[in-house]
Amino acid sequence: MYPQTHFLAALFLGEVLLKLGVLSQKTVVVCAVLAVLIDLDHWAAFMIRHHEFSLKKAWNAATVKHENERTFIHHRTGFIIMAAILLITFLFNRLVFWVLGTAYLSHMFLDYVHVIEKKNFRFKELGFWINITGFELVLDFVLIFVIILLLV
């Protein structure tokens, strides 16, 4: 999934937690930003593998060449370690637990939702290739609509 979808999904989940009195509006925004920043591991893996610092080349390698460069946090072992860290965090600081948990779990859920989609919309913007599915576009609009409803 693309950064905007990770942002919107974490924002949606954060807004639900805001309505439940678990998070404040500021921490909801922090959750959404962290959900996007989690994908910096793709860039780190690209730099390690290719000895190349270019964010644009890393992005295009992932979207055009479909290189699956990820660090451990995107794999099963990393998920188990992160879940353990989140559970331990819950015992000591519940706010940190909710913020990190919302960002990480919403991100991982989206990364592992596999929808068979044959129609992709592919275009290049400022040198960055975008290859987004119709499903993700619809999901983005649905999330925006529901977030607006939650804010009203």
# chains A, B, ... in the order shown; residues from 1 in each chain; ligands from 1

$ select_by_dssp --residues "range 2-111 of chain A" --states "helix (DSSP H, G or I)" --output "ChimeraX atom specification"
/A:3-19,25-37,40-50,55-63,72-74,76-92,94-111

$ closest_atom_pairs --of "range 50-121 of chain A" --to "range 25-37 of chain A" --cutoff "8 Å" --atoms "only C-alpha atoms" --output "Markdown table"
| residue | atom | partner | partner_atom | distance |
| --- | --- | --- | --- | --- |
| A:Val99 | CA | A:Cys31 | CA | 5.3 |
| A:Leu100 | CA | A:Cys31 | CA | 6.8 |
| A:Thr102 | CA | A:Cys31 | CA | 6.2 |
| A:Ala103 | CA | A:Ala35 | CA | 4.3 |
| A:Tyr104 | CA | A:Ala35 | CA | 6.1 |
| A:Ser106 | CA | A:Ala35 | CA | 7.3 |
| A:His107 | CA | A:Ala35 | CA | 5.7 |

$ write_last_selection --atoms "N, CA and C atoms" --output "tab-separated table (two decimals), in the first residue's frame"
chain	number	residue	atom	x	y	z
A	99	VAL	N	-0.26	4.42	20.79
A	99	VAL	CA	0.29	5.14	19.64
A	99	VAL	C	1.07	4.20	18.73
A	100	LEU	N	2.04	3.48	19.31
A	100	LEU	CA	2.85	2.56	18.51
A	100	LEU	C	2.02	1.41	17.96
A	102	THR	N	-1.23	1.35	17.29
A	102	THR	CA	-2.10	1.82	16.22
A	102	THR	C	-1.32	1.99	14.92
A	103	ALA	N	-0.17	2.62	15.01
A	103	ALA	CA	0.65	2.85	13.81
A	103	ALA	C	1.13	1.53	13.21
A	104	TYR	N	1.72	0.68	14.03
A	104	TYR	CA	2.33	-0.56	13.52
A	104	TYR	C	1.29	-1.56	13.04
A	106	SER	N	-1.93	-1.14	12.19
A	106	SER	CA	-2.68	-0.72	11.00
A	106	SER	C	-1.81	-0.84	9.76
A	107	HIS	N	-0.54	-0.51	9.91
A	107	HIS	CA	0.40	-0.62	8.79
A	107	HIS	C	0.55	-2.07	8.33

$ closest_residue --among "A:Leu40, A:Leu95, A:Val113, A:Phe121" --to "Leu18 in chain A" --atoms "only C-alpha atoms"
A:Leu95

$ residues_around --residues "range 49-57 of chain A" --least-positions-apart "5" --cutoff "12 Å" --atoms "only C-alpha atoms" --output "compact mmCIF listing (two decimals) with N, CA and C atoms, in the first residue's frame"
# COMPACT_ATOMS: atom_id res chain seq x y z
N ASP A 39 7.55 2.62 6.79
CA ASP A 39 8.04 2.18 5.48
C ASP A 39 9.43 2.69 5.13
N LEU A 40 10.03 3.48 6.00
CA LEU A 40 11.42 3.88 5.76
C LEU A 40 12.35 2.67 5.78
N ASP A 41 11.88 1.56 6.33
CA ASP A 41 12.72 0.36 6.31
C ASP A 41 12.94 -0.15 4.89
N HIS A 42 12.01 0.13 3.97
CA HIS A 42 12.21 -0.24 2.57
C HIS A 42 13.43 0.50 2.01
N TRP A 43 13.52 1.78 2.35
CA TRP A 43 14.64 2.60 1.90
C TRP A 43 15.94 2.11 2.52
N ALA A 44 15.89 1.78 3.82
CA ALA A 44 17.09 1.28 4.50
C ALA A 44 17.56 -0.02 3.86
N ALA A 62 10.83 -0.35 -5.85
CA ALA A 62 9.71 -1.03 -5.19
C ALA A 62 8.44 -1.01 -6.04
N THR A 63 8.19 0.10 -6.74
CA THR A 63 6.93 0.22 -7.47
C THR A 63 6.99 -0.29 -8.91
N VAL A 64 8.14 -0.18 -9.54
CA VAL A 64 8.27 -0.60 -10.94
C VAL A 64 8.84 -2.01 -11.03
N LYS A 65 9.93 -2.24 -10.32
CA LYS A 65 10.59 -3.55 -10.39
C LYS A 65 10.02 -4.53 -9.38
N GLU A 67 10.66 -4.86 -6.28
CA GLU A 67 11.62 -5.40 -5.33
C GLU A 67 10.98 -5.36 -3.95
N ASN A 68 11.10 -6.43 -3.25
CA ASN A 68 10.45 -6.56 -1.94
C ASN A 68 11.49 -6.38 -0.85
N GLU A 69 12.06 -5.18 -0.78
CA GLU A 69 13.13 -4.94 0.17
C GLU A 69 12.54 -4.41 1.47
N ARG A 70 12.61 -5.25 2.48
CA ARG A 70 12.06 -4.90 3.79
C ARG A 70 13.01 -5.39 4.87
N THR A 71 12.94 -4.73 6.01
CA THR A 71 13.71 -5.21 7.16
C THR A 71 12.84 -6.16 7.97
N LYS A 124 3.68 8.68 -13.55
CA LYS A 124 4.93 9.16 -12.97
C LYS A 124 4.73 10.61 -12.53
N GLU A 125 5.12 10.90 -11.30
CA GLU A 125 4.98 12.24 -10.74
C GLU A 125 6.30 12.64 -10.10
N LEU A 126 6.92 13.71 -10.62
CA LEU A 126 8.20 14.22 -10.11
C LEU A 126 9.28 13.13 -10.10
N GLY A 127 9.23 12.24 -11.08
CA GLY A 127 10.23 11.18 -11.19
C GLY A 127 9.92 9.93 -10.40
N PHE A 128 8.84 9.95 -9.62
CA PHE A 128 8.44 8.80 -8.81
C PHE A 128 7.31 8.06 -9.53
N TRP A 129 7.49 6.77 -9.77
CA TRP A 129 6.44 5.97 -10.39
C TRP A 129 5.38 5.60 -9.36
N ILE A 130 4.14 5.75 -9.74
CA ILE A 130 3.00 5.35 -8.92
C ILE A 130 2.29 4.24 -9.68

$ atom_distance --atom1 "CA of Phe7 in chain A" --atom2 "CA of Ile48 in chain A"
25.9 Å

$ residues_around --residues "Thr5 in chain A" --least-positions-apart "3" --cutoff "8 Å" --atoms "only C-alpha atoms" --output "PyMOL selection string"
chain A and resi 1-2+8-9+136+139-140

$ closest_residue --among "A:His6, A:Leu87, A:Arg76, A:Phe12" --to "Ile144 in chain A" --atoms "only C-alpha atoms"
A:Phe12

$ decode --residues "range 98-139 of chain A" --atoms "N, CA and C atoms" --output "PDB file, in the first residue's frame"
ATOM      1  N   TRP A  98      -0.648   2.505  22.823  1.00  0.00           N
ATOM      2  CA  TRP A  98      -1.721   2.797  21.875  1.00  0.00           C
ATOM      3  C   TRP A  98      -1.197   3.495  20.624  1.00  0.00           C
ATOM      4  N   VAL A  99      -0.262   4.416  20.794  1.00  0.00           N
ATOM      5  CA  VAL A  99       0.286   5.143  19.640  1.00  0.00           C
ATOM      6  C   VAL A  99       1.071   4.196  18.735  1.00  0.00           C
ATOM      7  N   LEU A 100       2.035   3.484  19.315  1.00  0.00           N
ATOM      8  CA  LEU A 100       2.850   2.565  18.509  1.00  0.00           C
ATOM      9  C   LEU A 100       2.019   1.409  17.960  1.00  0.00           C
ATOM     10  N   GLY A 101       1.126   0.892  18.779  1.00  0.00           N
ATOM     11  CA  GLY A 101       0.282  -0.218  18.346  1.00  0.00           C
ATOM     12  C   GLY A 101      -0.631   0.169  17.200  1.00  0.00           C
ATOM     13  N   THR A 102      -1.226   1.345  17.293  1.00  0.00           N
ATOM     14  CA  THR A 102      -2.102   1.821  16.220  1.00  0.00           C
ATOM     15  C   THR A 102      -1.322   1.989  14.920  1.00  0.00           C
ATOM     16  N   ALA A 103      -0.166   2.618  15.011  1.00  0.00           N
ATOM     17  CA  ALA A 103       0.650   2.845  13.812  1.00  0.00           C
ATOM     18  C   ALA A 103       1.130   1.526  13.210  1.00  0.00           C
ATOM     19  N   TYR A 104       1.724   0.676  14.031  1.00  0.00           N
ATOM     20  CA  TYR A 104       2.334  -0.555  13.518  1.00  0.00           C
ATOM     21  C   TYR A 104       1.289  -1.562  13.044  1.00  0.00           C
ATOM     22  N   LEU A 105       0.275  -1.796  13.842  1.00  0.00           N
ATOM     23  CA  LEU A 105      -0.701  -2.827  13.480  1.00  0.00           C
ATOM     24  C   LEU A 105      -1.563  -2.420  12.284  1.00  0.00           C
ATOM     25  N   SER A 106      -1.926  -1.141  12.191  1.00  0.00           N
ATOM     26  CA  SER A 106      -2.684  -0.718  11.005  1.00  0.00           C
ATOM     27  C   SER A 106      -1.810  -0.844   9.759  1.00  0.00           C
ATOM     28  N   HIS A 107      -0.542  -0.510   9.906  1.00  0.00           N
ATOM     29  CA  HIS A 107       0.395  -0.618   8.786  1.00  0.00           C
ATOM     30  C   HIS A 107       0.546  -2.070   8.334  1.00  0.00           C
ATOM     31  N   MET A 108       0.776  -2.959   9.283  1.00  0.00           N
ATOM     32  CA  MET A 108       0.974  -4.372   8.945  1.00  0.00           C
ATOM     33  C   MET A 108      -0.292  -4.979   8.348  1.00  0.00           C
ATOM     34  N   PHE A 109      -1.442  -4.609   8.885  1.00  0.00           N
ATOM     35  CA  PHE A 109      -2.697  -5.129   8.345  1.00  0.00           C
ATOM     36  C   PHE A 109      -2.829  -4.772   6.865  1.00  0.00           C
ATOM     37  N   LEU A 110      -2.563  -3.513   6.540  1.00  0.00           N
ATOM     38  CA  LEU A 110      -2.672  -3.092   5.143  1.00  0.00           C
ATOM     39  C   LEU A 110      -1.639  -3.780   4.256  1.00  0.00           C
ATOM     40  N   ASP A 111      -0.431  -3.969   4.784  1.00  0.00           N
ATOM     41  CA  ASP A 111       0.610  -4.616   3.983  1.00  0.00           C
ATOM     42  C   ASP A 111       0.284  -6.068   3.667  1.00  0.00           C
ATOM     43  N   TYR A 112      -0.516  -6.693   4.501  1.00  0.00           N
ATOM     44  CA  TYR A 112      -0.803  -8.107   4.290  1.00  0.00           C
ATOM     45  C   TYR A 112      -2.228  -8.385   3.823  1.00  0.00           C
ATOM     46  N   VAL A 113      -2.952  -7.326   3.473  1.00  0.00           N
ATOM     47  CA  VAL A 113      -4.257  -7.516   2.845  1.00  0.00           C
ATOM     48  C   VAL A 113      -3.968  -7.729   1.359  1.00  0.00           C
ATOM     49  N   HIS A 114      -4.174  -8.936   0.925  1.00  0.00           N
ATOM     50  CA  HIS A 114      -3.906  -9.239  -0.486  1.00  0.00           C
ATOM     51  C   HIS A 114      -5.226  -9.282  -1.243  1.00  0.00           C
ATOM     52  N   VAL A 115      -5.379  -8.335  -2.114  1.00  0.00           N
ATOM     53  CA  VAL A 115      -6.581  -8.268  -2.934  1.00  0.00           C
ATOM     54  C   VAL A 115      -6.143  -8.464  -4.382  1.00  0.00           C
ATOM     55  N   ILE A 116      -6.781  -9.410  -5.037  1.00  0.00           N
ATOM     56  CA  ILE A 116      -6.456  -9.636  -6.444  1.00  0.00           C
ATOM     57  C   ILE A 116      -7.061  -8.494  -7.245  1.00  0.00           C
ATOM     58  N   GLU A 117      -6.220  -7.718  -7.822  1.00  0.00           N
ATOM     59  CA  GLU A 117      -6.648  -6.535  -8.564  1.00  0.00           C
ATOM     60  C   GLU A 117      -5.897  -6.512  -9.884  1.00  0.00           C
ATOM     61  N   LYS A 118      -6.613  -6.567 -10.954  1.00  0.00           N
ATOM     62  CA  LYS A 118      -5.968  -6.580 -12.262  1.00  0.00           C
ATOM     63  C   LYS A 118      -5.749  -5.174 -12.810  1.00  0.00           C
ATOM     64  N   LYS A 119      -6.558  -4.238 -12.394  1.00  0.00           N
ATOM     65  CA  LYS A 119      -6.469  -2.889 -12.943  1.00  0.00           C
ATOM     66  C   LYS A 119      -5.610  -2.012 -12.045  1.00  0.00           C
ATOM     67  N   ASN A 120      -4.482  -1.583 -12.580  1.00  0.00           N
ATOM     68  CA  ASN A 120      -3.616  -0.646 -11.884  1.00  0.00           C
ATOM     69  C   ASN A 120      -3.615   0.675 -12.637  1.00  0.00           C
ATOM     70  N   PHE A 121      -3.502   1.744 -11.898  1.00  0.00           N
ATOM     71  CA  PHE A 121      -3.349   3.062 -12.484  1.00  0.00           C
ATOM     72  C   PHE A 121      -1.882   3.429 -12.315  1.00  0.00           C
ATOM     73  N   ARG A 122      -1.183   3.577 -13.429  1.00  0.00           N
ATOM     74  CA  ARG A 122       0.257   3.794 -13.376  1.00  0.00           C
ATOM     75  C   ARG A 122       0.586   5.146 -13.997  1.00  0.00           C
ATOM     76  N   PHE A 123       1.343   5.953 -13.244  1.00  0.00           N
ATOM     77  CA  PHE A 123       1.767   7.252 -13.749  1.00  0.00           C
ATOM     78  C   PHE A 123       3.030   7.671 -13.013  1.00  0.00           C
ATOM     79  N   LYS A 124       3.677   8.681 -13.546  1.00  0.00           N
ATOM     80  CA  LYS A 124       4.930   9.164 -12.972  1.00  0.00           C
ATOM     81  C   LYS A 124       4.735  10.611 -12.533  1.00  0.00           C
ATOM     82  N   GLU A 125       5.124  10.899 -11.304  1.00  0.00           N
ATOM     83  CA  GLU A 125       4.982  12.239 -10.744  1.00  0.00           C
ATOM     84  C   GLU A 125       6.301  12.642 -10.102  1.00  0.00           C
ATOM     85  N   LEU A 126       6.921  13.714 -10.621  1.00  0.00           N
ATOM     86  CA  LEU A 126       8.199  14.217 -10.111  1.00  0.00           C
ATOM     87  C   LEU A 126       9.277  13.133 -10.104  1.00  0.00           C
ATOM     88  N   GLY A 127       9.228  12.238 -11.080  1.00  0.00           N
ATOM     89  CA  GLY A 127      10.226  11.178 -11.193  1.00  0.00           C
ATOM     90  C   GLY A 127       9.915   9.926 -10.400  1.00  0.00           C
ATOM     91  N   PHE A 128       8.840   9.952  -9.619  1.00  0.00           N
ATOM     92  CA  PHE A 128       8.439   8.799  -8.814  1.00  0.00           C
ATOM     93  C   PHE A 128       7.312   8.062  -9.534  1.00  0.00           C
ATOM     94  N   TRP A 129       7.492   6.768  -9.768  1.00  0.00           N
ATOM     95  CA  TRP A 129       6.440   5.973 -10.389  1.00  0.00           C
ATOM     96  C   TRP A 129       5.385   5.603  -9.365  1.00  0.00           C
ATOM     97  N   ILE A 130       4.138   5.751  -9.744  1.00  0.00           N
ATOM     98  CA  ILE A 130       2.997   5.353  -8.923  1.00  0.00           C
ATOM     99  C   ILE A 130       2.289   4.235  -9.685  1.00  0.00           C
ATOM    100  N   ASN A 131       2.017   3.142  -9.003  1.00  0.00           N
ATOM    101  CA  ASN A 131       1.356   1.989  -9.620  1.00  0.00           C
ATOM    102  C   ASN A 131       0.287   1.508  -8.640  1.00  0.00           C
ATOM    103  N   ILE A 132      -0.810   2.246  -8.568  1.00  0.00           N
ATOM    104  CA  ILE A 132      -1.812   2.040  -7.522  1.00  0.00           C
ATOM    105  C   ILE A 132      -3.010   1.262  -8.069  1.00  0.00           C
ATOM    106  N   THR A 133      -3.562   0.408  -7.241  1.00  0.00           N
ATOM    107  CA  THR A 133      -4.715  -0.394  -7.665  1.00  0.00           C
ATOM    108  C   THR A 133      -6.014   0.383  -7.459  1.00  0.00           C
ATOM    109  N   GLY A 134      -7.017  -0.024  -8.185  1.00  0.00           N
ATOM    110  CA  GLY A 134      -8.343   0.561  -8.012  1.00  0.00           C
ATOM    111  C   GLY A 134      -8.864   0.327  -6.608  1.00  0.00           C
ATOM    112  N   PHE A 135      -8.561  -0.851  -6.042  1.00  0.00           N
ATOM    113  CA  PHE A 135      -8.982  -1.160  -4.673  1.00  0.00           C
ATOM    114  C   PHE A 135      -8.418  -0.146  -3.690  1.00  0.00           C
ATOM    115  N   GLU A 136      -7.131   0.166  -3.835  1.00  0.00           N
ATOM    116  CA  GLU A 136      -6.520   1.108  -2.905  1.00  0.00           C
ATOM    117  C   GLU A 136      -7.104   2.506  -3.063  1.00  0.00           C
ATOM    118  N   LEU A 137      -7.387   2.911  -4.286  1.00  0.00           N
ATOM    119  CA  LEU A 137      -8.020   4.219  -4.498  1.00  0.00           C
ATOM    120  C   LEU A 137      -9.388   4.288  -3.834  1.00  0.00           C
ATOM    121  N   VAL A 138     -10.182   3.246  -4.006  1.00  0.00           N
ATOM    122  CA  VAL A 138     -11.507   3.202  -3.378  1.00  0.00           C
ATOM    123  C   VAL A 138     -11.362   3.193  -1.860  1.00  0.00           C
ATOM    124  N   LEU A 139     -10.429   2.391  -1.346  1.00  0.00           N
ATOM    125  CA  LEU A 139     -10.186   2.339   0.099  1.00  0.00           C
ATOM    126  C   LEU A 139      -9.820   3.719   0.632  1.00  0.00           C
TER     127      LEU A 139
END
